[in-house]
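Asks: Got data-v7.cif for you, mmCIF, C-alpha atoms:
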data_final
#
loop_
_atom_site.label_atom_id
_atom_site.label_comp_id
_atom_site.auth_asym_id
_atom_site.auth_seq_id
_atom_site.Cartn_x
_atom_site.Cartn_y
_atom_site.Cartn_z
CA MET A 1 43.90 -10.69 0.53
CA ILE A 2 43.52 -12.43 3.86
CA GLY A 3 45.66 -11.49 6.83
CA SER A 4 45.88 -9.56 10.09
CA ASN A 5 45.17 -6.14 8.51
CA VAL A 6 44.44 -6.01 4.80
CA TYR A 7 43.72 -2.26 4.54
CA PRO A 8 46.38 0.41 4.00
CA LEU A 9 47.38 2.08 7.30
CA SER A 10 46.41 5.47 5.85
CA THR A 11 42.71 4.45 5.81
CA GLY A 12 42.56 3.86 9.56
CA LEU A 13 40.50 0.71 8.84
CA LYS A 14 41.24 -2.75 10.13
CA GLY A 15 40.05 -5.94 8.47
CA VAL A 16 41.14 -9.55 8.10
CA ALA A 17 39.65 -10.32 4.68
CA ARG A 18 39.22 -8.18 1.59
CA PHE A 19 38.22 -9.31 -1.89
CA ILE A 20 38.72 -6.95 -4.84
CA ASN A 21 37.94 -7.80 -8.44
CA LYS A 22 38.20 -4.85 -10.81
CA ASP A 23 39.15 -6.75 -13.96
CA TYR A 24 37.90 -4.81 -16.97
CA ASN A 25 35.84 -7.23 -19.04
CA ARG A 26 32.71 -6.22 -20.98
CA THR A 27 31.73 -9.74 -22.04
CA LEU A 28 31.88 -11.65 -18.75
CA THR A 29 30.67 -11.13 -15.18
CA ASN A 30 33.04 -10.26 -12.33
CA TYR A 31 32.42 -11.89 -8.96
CA GLY A 32 33.81 -10.69 -5.65
CA VAL A 33 32.80 -13.80 -3.70
CA GLU A 34 30.82 -16.87 -4.73
CA ILE A 35 29.81 -19.33 -2.02
CA ASP A 36 28.31 -22.78 -2.58
CA VAL A 37 27.37 -24.80 0.51
CA ALA A 38 25.38 -28.04 0.24
CA GLY A 39 25.09 -31.60 1.47
CA ALA A 40 24.04 -31.21 5.12
CA ASN A 41 20.63 -30.92 6.81
CA GLU A 42 21.36 -27.23 7.36
CA ASN A 43 23.73 -25.35 5.04
CA ILE A 44 24.93 -21.92 6.14
CA ALA A 45 26.88 -19.85 3.63
CA ILE A 46 27.69 -16.98 5.98
CA ASP A 47 27.14 -16.87 9.73
CA ILE A 48 27.47 -13.35 11.14
CA LEU A 49 27.79 -13.55 14.91
CA ASN A 50 28.31 -9.83 15.59
CA GLY A 51 28.18 -6.67 13.53
CA ASP A 52 26.02 -5.43 10.70
CA VAL A 53 26.08 -6.06 6.96
CA LYS A 54 26.73 -3.06 4.74
CA LEU A 55 25.41 -3.22 1.20
CA GLY A 56 26.41 -0.17 -0.82
CA ASN A 57 25.07 2.83 1.10
CA GLY A 58 22.61 0.76 3.14
CA VAL A 59 23.03 -1.31 6.28
CA VAL A 60 21.20 -4.50 7.25
CA LYS A 61 20.91 -4.66 11.03
CA GLY A 62 20.31 -8.32 11.79
CA GLY A 63 17.28 -10.27 10.61
CA ARG A 64 16.26 -11.60 7.24
CA TYR A 65 13.34 -11.55 4.86
CA VAL A 66 11.69 -14.87 4.06
CA LEU A 67 8.41 -14.68 2.09
CA LYS A 68 6.12 -17.70 1.65
CA TYR A 69 2.96 -17.89 -0.44
CA THR A 70 0.32 -20.51 0.27
CA SER A 71 -2.94 -21.29 -1.47
CA SER A 72 -3.20 -24.69 0.26
CA LEU A 73 -6.65 -25.66 1.41
CA SER A 74 -5.36 -28.40 3.72
CA GLY A 75 -3.27 -26.18 5.98
CA TYR A 76 0.32 -25.08 6.31
CA GLN A 77 2.84 -25.77 9.09
CA ILE A 78 4.75 -22.53 9.71
CA GLY A 79 8.48 -23.24 9.87
CA ASP A 80 11.09 -21.67 12.14
CA ASP A 81 12.42 -19.63 9.18
CA ASP A 82 9.02 -18.37 8.01
CA GLU A 83 8.48 -14.68 8.70
CA TYR A 84 6.10 -13.37 6.03
CA ILE A 85 3.24 -15.55 4.77
CA VAL A 86 0.79 -14.47 2.06
CA CYS A 87 -2.43 -16.52 1.89
CA THR A 88 -4.12 -16.55 -1.52
CA ASN A 89 -6.70 -19.20 -0.61
CA SER A 90 -10.37 -18.90 -1.64
CA SER A 91 -11.68 -21.02 1.28
CA LYS A 92 -10.55 -21.29 4.89
CA VAL A 93 -6.96 -22.45 5.47
CA ASP A 94 -5.29 -23.18 8.82
CA LEU A 95 -1.76 -22.01 9.55
CA LYS A 96 -0.16 -24.04 12.34
CA LEU A 97 2.26 -22.00 14.47
CA PRO A 98 5.71 -23.44 15.27
CA ALA A 99 5.72 -25.78 18.29
CA THR A 100 9.04 -24.63 19.80
CA PRO A 101 9.54 -20.96 18.92
CA LYS A 102 12.03 -18.64 20.56
CA GLN A 103 10.53 -15.83 22.64
CA GLY A 104 9.97 -12.82 20.40
CA LYS A 105 9.48 -14.92 17.22
CA THR A 106 7.25 -12.82 14.95
CA ILE A 107 5.29 -13.94 11.89
CA TRP A 108 3.42 -11.60 9.54
CA VAL A 109 0.37 -13.06 7.76
CA LYS A 110 -1.35 -11.27 4.87
CA GLN A 111 -4.82 -12.45 3.88
CA LEU A 112 -4.77 -11.79 0.15
CA GLY A 113 -7.41 -14.28 -1.02
CA SER A 114 -11.10 -14.34 -0.17
CA GLY A 115 -10.78 -17.26 2.29
CA MET A 116 -10.42 -16.97 6.04
CA VAL A 117 -7.08 -17.82 7.67
CA GLY A 118 -7.08 -19.84 10.90
CA ILE A 119 -4.10 -19.39 13.25
CA ILE A 120 -3.60 -22.59 15.23
CA PRO A 121 -1.13 -22.81 18.16
CA GLN A 122 0.58 -26.19 18.71
CA GLY A 123 0.91 -28.28 21.90
CA ASN A 124 0.10 -26.31 25.07
CA HIS A 125 0.35 -22.96 23.27
CA LYS A 126 -2.53 -20.46 23.26
CA MET A 127 -3.50 -17.21 21.60
CA TYR A 128 -3.44 -14.35 24.14
CA TYR A 129 -5.82 -11.44 23.58
CA ARG A 130 -6.96 -8.77 26.05
CA GLY A 131 -6.12 -10.76 29.18
CA SER A 132 -7.52 -14.13 28.05
CA ASN A 133 -6.07 -17.27 26.46
CA TYR A 134 -7.73 -18.87 23.40
CA ASN A 135 -7.18 -22.11 21.44
CA TRP A 136 -7.16 -20.42 18.05
CA GLY A 137 -7.24 -17.13 16.17
CA LEU A 138 -8.92 -16.28 12.87
CA ILE A 139 -8.21 -13.67 10.21
CA ASN A 140 -11.64 -13.35 8.67
CA ASP A 141 -12.39 -9.93 7.34
CA LYS A 142 -11.47 -7.00 5.19
CA SER A 143 -11.16 -3.52 6.58
CA GLY A 144 -12.40 -0.82 4.23
CA GLY A 145 -12.01 -3.24 1.31
CA VAL A 146 -8.37 -3.93 2.22
CA THR A 147 -7.36 -7.42 3.33
CA VAL A 148 -5.98 -7.84 6.84
CA LEU A 149 -2.28 -7.99 7.71
CA ALA A 150 -1.71 -9.72 11.07
CA MET A 151 1.42 -9.72 13.22
CA ILE A 152 1.72 -12.81 15.43
CA THR A 153 4.40 -12.81 18.17
CA PHE A 154 5.39 -15.51 20.66
CA ILE A 155 5.57 -13.84 24.09
CA GLY A 156 6.29 -16.85 26.34
CA ASN A 157 4.36 -18.00 29.40
CA VAL A 158 1.26 -16.01 30.43
CA ASN A 159 -1.45 -17.32 32.77
CA GLY A 160 0.15 -20.78 32.78
CA ALA A 161 0.31 -21.24 29.00
CA ASN A 162 2.84 -20.52 26.27
CA CYS A 163 1.22 -17.64 24.42
CA TRP A 164 1.17 -15.98 21.03
CA VAL A 165 -0.23 -12.47 20.56
CA MET A 166 -1.95 -11.56 17.28
CA ASN A 167 -2.44 -7.92 16.33
CA THR A 168 -3.79 -6.18 13.26
CA MET A 169 -4.28 -2.57 12.33
CA ASP A 170 -8.04 -3.18 12.56
CA VAL A 171 -9.38 -5.50 15.31
CA ALA A 172 -12.55 -6.08 13.27
CA GLY A 173 -10.45 -8.38 11.12
CA ILE A 174 -9.66 -11.03 13.75
CA LYS A 175 -11.55 -13.37 16.11
CA PHE A 176 -10.55 -15.82 18.85
CA GLY A 177 -12.15 -18.98 20.22
CA ASP A 178 -11.85 -22.03 22.45
CA ASP A 179 -13.80 -24.73 20.57
#
So, in terms of structure tokens, how does the structure I just supplied come out?

Replies:
Amino acid sequence: MIGSNVYPLSTGLKGVARFINKDYNRTLTNYGVEIDVAGANENIAIDILNGDVKLGNGVVKGGRYVLKYTSSLSGYQIGDDDEYIVCTNSSKVDLKLPATPKQGKTIWVKQLGSGMVGIIPQGNHKMYYRGSNYNWGLINDKSGGVTVLAMITFIGNVNGANCWVMNTMDVAGIKFGDD
């Protein structure tokens, strides 16, 4: 049903689209909505401009979960959609941060392999740590035998440079430098 109000008045709800499929069928699958979008550079199945998404008894309040694994030894360019990156490399790998991020862009990096993980800002971007700007960051250690999880956030312009902040639960697991 699609219309100006598709719910019964007795519910007190208002909605413009409602899809119900309660066909009893033990041998096939019932679908409420199936969406297939393809053919463009960017294909968006659903674009929610305002409001939350309710799934059963839970609610998703904005955001998404995109997990990438990399074992590349030649480096990885972090994309605008990347949020969670797990590095399984055995030698050092460099992760290049996005060149044009939005302020507040956050990337989580988990060092799962034995290799170090370099965090490399692009263009005029810097790593900001304790009042200073650096050219790179490095996840290089384990804390109590547990590999480091780093949170890297773009905070905008600080001290004349576009800056990223990298934090971990244990500062022994990260380093910064200018060379």

Asks: Between atom CA of A:Gly113 and atom CA of A:Pro101, measure the distance and give it in Å to one decimal.

Replies: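 Interatomic distance here is 27.0 Å.
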
Asks: Just give me the gap between atom CA of A:Lys102 and atom CA of A:Gly137 in Å, one decimal is fine.

Replies: 19.8 Å

Asks: Which residues match the PyMOL selection byres ((chain A and resi 156) around 12) in the file above, as a list in words?

Replies: Thr100, Pro101, Lys102, Gln103, Gly104, Lys105, Asn124, His125, Lys126, Met127, Tyr128, Thr153, Phe154, Ile155, Asn157, Val158, Asn159, Gly160, Ala161, Asn162, Cys163, Trp164 and Val165 of chain A

Asks: What does the structure give for the distance between atom CA of A:Gln77 and atom CA of A:Leu97, in Å to one decimal?

Replies: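 If I compute the distance from atom CA of A:Gln77 to atom CA of A:Leu97, I get 6.6 Å.
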
Asks: For a quick check of understanding, using all atoms listed in the file, which of A:Val117, A:Asn43, A:Phe176, A:Thr88 has the smallest distance to A:Arg130?

Replies: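 Distance minimum relative to A:Arg130 lands on A:Phe176.
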
Asks: Do you know which residues are at most 10 Å from A:Asn21 counting all atoms listed in the file, after dropping those on the same chain fewer than 2 positions away, and could you put them as a ChimeraX atom specification?

Replies: /A:19,23-24,30-33

Asks: Residues within 6 Å of A:Ala150, please, as a PDB file with C-alpha atoms, keeping the file's coordinate frame. Count all atoms listed in the file; anything in the same chain fewer than 6 positions from it doesn't count.

Replies:
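As written to disk, part-v8.pdb reads:
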ATOM      1  CA  TRP A 108       3.420 -11.600   9.540  1.00  0.00           C
ATOM      2  CA  VAL A 109       0.370 -13.060   7.760  1.00  0.00           C
ATOM      3  CA  ASN A 167      -2.440  -7.920  16.330  1.00  0.00           C
ATOM      4  CA  THR A 168      -3.790  -6.180  13.260  1.00  0.00           C
TER       5      THR A 168
END

Asks: Residues near A:Ile107, anyone? I mean within 10 Å using all atoms listed in the file, not counting same-chain ones fewer than 4 positions away, as a ChimeraX atom specification.

Replies: /A:78,80-85,97,150-154,166

Asks: Box for stretch 123-126 of chain A: with edges along x, y and z, all listed atoms inside and 5 Å added on each side, what are the centre and edge lengths in Å to one decimal, as lines of an AutoDock Vina configuration file?

Replies:
center_x = -0.8
center_y = -24.4
center_z = 23.5
size_x = 13.4
size_y = 17.8
size_z = 13.2

Asks: What lies within 8 Å of A:Ala99 using all atoms listed in the file, ignoring chain neighbours under 4 positions off, as a list in words?

Replies: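 Once the nearby chain positions are removed, what remains is Pro121, Gln122, Gly123 and His125 of chain A.
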
Asks: Tell me which residues come within 7 Å of (-9.7, -17.6, 11.1), as number ranges by chain, counting only C-alpha atoms in the file's coordinates.

Replies: A: 116-119, 137-140, 175
